[in-house]
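One structure below.
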Protein chains: 6
Amino acid sequence: MHIHLINPNSTASMTAQALESALLVKHAHTHVSASNPTDTPASIEGGADEAMSVPGMLAEIRQGEAQGVDAYVIACFDDPGLHAAREVAKGPVIGICQAAVQVAMTISRRFSVITTLPRSVPIIEDLVSDYGAERHCRKVRAIDLPVLALEEDPQRAERLLLKEIEIAKAEDGAEAIVLGCAGMSSLCDRLQKATGVPVIDGVTAAVKMAEALLGAGYATSKVNTYAYPRIKAAAGHKVCA
Amino acid sequence: MHIHLINPNSTASMTAQALESALLVKHAHTHVSASNPTDTPASIEGGADEAMSVPGMLAEIRQGEAQGVDAYVIACFDDPGLHAAREVAKGPVIGICQAAVQVAMTISRRFSVITTLPRSVPIIEDLVSDYGAERHCRKVRAIDLPVLALEEDPQRAERLLLKEIEIAKAEDGAEAIVLGCAGMSSLCDRLQKATGVPVIDGVTAAVKMAEALLGAGYATSKVNTYAYPRIKAAAGHKVCA
Amino acid sequence: MHIHLINPNSTASMTAQALESALLVKHAHTHVSASNPTDTPASIEGGADEAMSVPGMLAEIRQGEAQGVDAYVIACFDDPGLHAAREVAKGPVIGICQAAVQVAMTISRRFSVITTLPRSVPIIEDLVSDYGAERHCRKVRAIDLPVLALEEDPQRAERLLLKEIEIAKAEDGAEAIVLGCAGMSSLCDRLQKATGVPVIDGVTAAVKMAEALLGAGYATSKVNTYAYPRIKAAAGHKVCA
Amino acid sequence: MHIHLINPNSTASMTAQALESALLVKHAHTHVSASNPTDTPASIEGGADEAMSVPGMLAEIRQGEAQGVDAYVIACFDDPGLHAAREVAKGPVIGICQAAVQVAMTISRRFSVITTLPRSVPIIEDLVSDYGAERHCRKVRAIDLPVLALEEDPQRAERLLLKEIEIAKAEDGAEAIVLGCAGMSSLCDRLQKATGVPVIDGVTAAVKMAEALLGAGYATSKVNTYAYPRIKAAAGHKVCA
Amino acid sequence: MHIHLINPNSTASMTAQALESALLVKHAHTHVSASNPTDTPASIEGGADEAMSVPGMLAEIRQGEAQGVDAYVIACFDDPGLHAAREVAKGPVIGICQAAVQVAMTISRRFSVITTLPRSVPIIEDLVSDYGAERHCRKVRAIDLPVLALEEDPQRAERLLLKEIEIAKAEDGAEAIVLGCAGMSSLCDRLQKATGVPVIDGVTAAVKMAEALLGAGYATSKVNTYAYPRIKAAAGHKVCA
Amino acid sequence: MHIHLINPNSTASMTAQALESALLVKHAHTHVSASNPTDTPASIEGGADEAMSVPGMLAEIRQGEAQGVDAYVIACFDDPGLHAAREVAKGPVIGICQAAVQVAMTISRRFSVITTLPRSVPIIEDLVSDYGAERHCRKVRAIDLPVLALEEDPQRAERLLLKEIEIAKAEDGAEAIVLGCAGMSSLCDRLQKATGVPVIDGVTAAVKMAEALLGAGYATSKVNTYAYPRIKAAAGHKVCA
């Protein structure tokens, strides 16, 4: 089985890190590849960054379809373009936020999410609500660090995350922590060991979920919402009235 | 005041129709312009079409910002890229679905939405829920007609809509009808007259809402979620692992 | 177009202040009038005050109907009698809480409300939920000042509001503030300038919304819930069993 | 213990019928009295009728307070002025809709409500939701009969109710039926016997709930929302601007 | 009328305390008995304790049915096996959590719950949500004291409860307090007197609710969900594959 | 890795069927075993059957813990005792309803559930809501066939399921179907082939989910709610007051 992981932003080092997380947990016989578009924002911090990354991400999926990819993981915690991707792909498409939330709802009864920037908090709250975890998720927190700073100063990121996890345990009664950014993936194990609370990385969760769905033979339903998009030429002459 | 209406798809005749609807209701002193991107799908039917239309739509907004546009209307009922657009624009950005839903919640206590294709029904249901009208909206219905067929055979579209409105009145107890596609805009008055129930066109609603917000001096909050996106170069070298 | 603003309480100076706010933002050709009943409580602080003010408010609307008023604004943040008023009026009836909430949902993604007395907090929370903004509204706060004290000591009111807005920004992550009392209307601009966050006054929002609805030709749906009440004589002989 | 039942409309025969239902189920030592205002609508069908009935109903409560009444039942299924009444009364105030819904949630897992006019359906749906039974209530149905017709032609009312209960059982999977109008009270037993499904009359439910609360010593909380309203003179000079 | 109170755990002194609370409020003519299974956990602290207590509790109900018991109260705040018990019993079965929540929603607009151990907080939150009080319940709090310590050191329990009630008043704006453990029953009056806020004990609430339902002639609906369970022999041969 | 599947009822043939479904999809290196208690009801149809099956099911888990089982699947669609089981187990415990719902939310946007008896419909509706799929699940349907009849007359079961799936597609717009009973597991593939819509069997879904969680190293959080239950002797002397 071939799972292709797409980092929607154009920072190759983040793609590499996500791939590394995936390789650590994949089954021996699973083939995991990874790519990112080259013309999308360097990091995804908010809705405009998301929007600018989706067409490039969909192009990766279209290419994957031509190459026989079985399932996809979108390695950005905002799950940008998740519904669109499911229209384009035949097999399952897993968003790392949805996968992490599903794991959190299975191994704990109340969890908190910790993300990078405060501006992502309402976006993630709305996602969590869409995925049905409004009551299970105590709080979405932010350490107020830009996405790329996770790579540039991992020690600082780890310190801030450790501190925020302790606050989430004490104030939220969080029984598990979801890391709210793909770029936090490599810190997951150390954070769990240091805090004694399960820490869930979406990339890991999504890769295993993709294997699970493929192993059971599930594909994306092509009935109604996720049917393939109809091929349509761009029609347009510019209007300026 | 200058309101710019963007049709996110690339069918210029739909842009023209939306502009016409806007011109019919705008204040004498409001300047309304309209445009569409030229490289986006010819119609927006589902999430992939939406995703492919948003970067072009954001480009129109960036151009509008340079030209001093005061407010924007996104003339597609899925409100594609609405949150992203609000990050990019200084002034208000109005989605025609949100505007229509707000009008429907003000002039009736229970309403139904009628859109084109069944695949859009869950998308619109989720939007309606995001806009807080889950209890007020009885049902999202579809006449099972592609978007472009609205223009190609308006008589058929009108017949199908008339029939669906009567069903919505009888079965849903709908007290108002929201037209779930910008391309239905020109049929609005005839449908209302024929059925005796208020029929709400999102383009009309959004243009007037934009005038209202501008008239009161409201702009998009730049605190947190809708702050301007940070300028980031694409970083990417293609990775293929 | 003729918009009539009704202050449901009997304090004429509050009516005058609300009218002043309305006149500042209305279109040149809009006629805005204002009145209040004379036999209702001097301020509306809780459900009993609301209840005692509604029949007088409905009488103002009945009189307005006779005089050809096109739309009404109910200038009390509890939106007392809003549904009843819509049954009586032909044109749109706008509640300042609903209007402010709709604006807040359009220009921000998370907002907080600041009202006068703590006893109004649950009332406003329930309204906000009815208007579909449960997830968008972070918190309803109170400065613990009676309504009439807003007029008697505006400096103190402003100080308390400034302080509470800063708390809402810091603790709630509020991206916009809704003023939860018509009597705060005149402070709106100063508060916005001092805090750098959009501050929304319901009177302003409602007047512009009324203009918008009228400009688009919308009237209250007379299908089902908001149909005119049937004329019924009081039937009653007192029973005492 | 003294429970006073208030029919908010001015039709004394309805008051008498409600009192009769109360007397059938009250404890031997409970004193139940009943009254109605004389200047309110003859029946309550919608929000305007509700609004016009509340001040008269509150006057009955104020009089009851002077006479040492221990608890009140508001005998109209829209629970008009329920929150206001709780501010005015020292003891518990029971709405027949809330009481019936609480009983239905206790003796069944899914129920339907059957009321008189379709215009009351959204009003009752919103009440049911406020009382937390949104998931437990399958559907609010209407037999499309004016309130007073229940008394004028009880045979017809019974036939319509029987038919609607059978539909609710078959289509809704209703496990219990709540009668959505105080005027249906006297039909309750016959309907239950004829249909084999528990049928809940709000007057009965509310009287027993009032006895229960008094028996346990509960009174309305005077902390915050339901604190007594402050005494305020009407302030008003008519403004007409 | 005969109400039988079942303490699902096997600590007889807790059964005796609950019975004492019941006897204090029951009507003169009500017969209240009490029992507990002997093979269940000594206290119920979490889901496993609940599960181990339910078959014994159902056996008590089956025995009660044979003896003509009219209604049952399950005297554990987690309402363990409540739905199962309703299948087995003919008459009403009242859970002390549901009863207390219904009282709290009737005499206040916002309340908080205070229970023993933090691990019960999410369990009670979910119950409160099932009973429809998600918006009315501000917070579920825990004093972090094991259930049996309530009996062993009642002074300490009282001190901790007093402190937590004051926090609930100040931070939650709680207008009433629900005691989240049957073992707190005997402290209820003292806590109410000391804090000036209504304090609701579930045992008291449930006994009065049971009397109310019986007095009105209500029984558990045997239509669908709460129908008697079909008699089925255990079929089992152990499989070990 | 060792996954142990527990059928909570005592019908060994159902255990064998569930095991067969598990063996079909498990990874080569996964060890899957299965068992059922011998003293529980022959099938689980409603809350009382559930309650009677949970202690036996927990005993199987305790035995599994002693034997080093890594994860558990509870093979009954009501997910009986799921939260309790998570307290007892160190590793993940997967309920087949929760797993099926998570798959359905990932491969479709709207789905319906089809179960055996109508009495299970509200139970499953509440589970679906607890798992956050209230909006995604169009309807829970029943074919009105007892659980054991699935085995006794599989042809009839298949016919009824086929018919109900077609209704779900046409009336609900279901994009995927979840089979609401472990006993339907062996029919899953045939139903999917015959109807062209993804059909999800909970046993399959849960086994793959268990493999996924184990493969990623996730265990049940022992922080707070799912902490091991404290060892407590039964304390009980029977009280009969």
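Ordering of the structure tokens sets the chain letters (A, B, ...), residue numbers begin anew at 1 in every chain, and ligands are numbered from 1 in the order given.
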* Once you count only C-alpha atoms, which residues of chain E turn out to be within 6 Å of chain D? Could you give them as a ChimeraX atom specification? -> /E:25,107-108,132-133,175,208-209,212,216,220-221,223
* Residues flagged strand (DSSP E or B) by DSSP in segment 66-215 of chain F, as JSON, numbers by chain -> {"F": [71, 72, 73, 74, 93, 94, 95, 111, 112, 113, 114, 115, 137, 138, 139, 140, 141, 142, 176, 177, 178, 179, 199, 200, 201]}
* Quick one: everything within 7 Å of segment 148-150 of chain E, counting only C-alpha atoms, minus sequence neighbours fewer than 3 positions away in the same chain. Send it as a list in words. => Ser43, Leu145, Asp153, Pro154, Ala157, Gly183 and Met184 of chain E
I'd like the neighbourhood of segment 120-127 of chain E as a PDB file with C-alpha atoms, in the first residue's frame, where a residue qualifies if any of its atoms comes within 7 Å (using only C-alpha atoms), though same-chain residues fewer than 4 positions away should be ignored.
ATOM      1  CA  GLU E  45     -16.113   6.605  41.611  1.00  0.00           C
ATOM      2  CA  GLY E  46     -16.019   6.337  37.860  1.00  0.00           C
ATOM      3  CA  ASP E  78     -23.893   9.280  38.203  1.00  0.00           C
ATOM      4  CA  TYR E 131     -30.407  16.085  30.460  1.00  0.00           C
ATOM      5  CA  VAL E 140     -18.958  20.942  37.276  1.00  0.00           C
ATOM      6  CA  ARG E 141     -16.505  21.261  40.143  1.00  0.00           C
ATOM      7  CA  ALA E 142     -14.802  18.712  42.402  1.00  0.00           C
TER       8      ALA E 142
ATOM      9  CA  THR F 225     -11.354   9.871  33.956  1.00  0.00           C
TER      10      THR F 225
END
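Selecting alpha helix (DSSP H) from the backbone DSSP output for segment 115-176 of chain E yields Val121, Pro122, Ile123, Ile124, Glu125, Asp126, Leu127, Val128, Ser129, Asp130, Ala149, Leu150, Glu151, Glu152, Pro154, Gln155, Arg156, Ala157, Glu158, Arg159, Leu160, Leu161, Leu162, Lys163, Glu164, Ile165, Glu166 and Ile167 of chain E.
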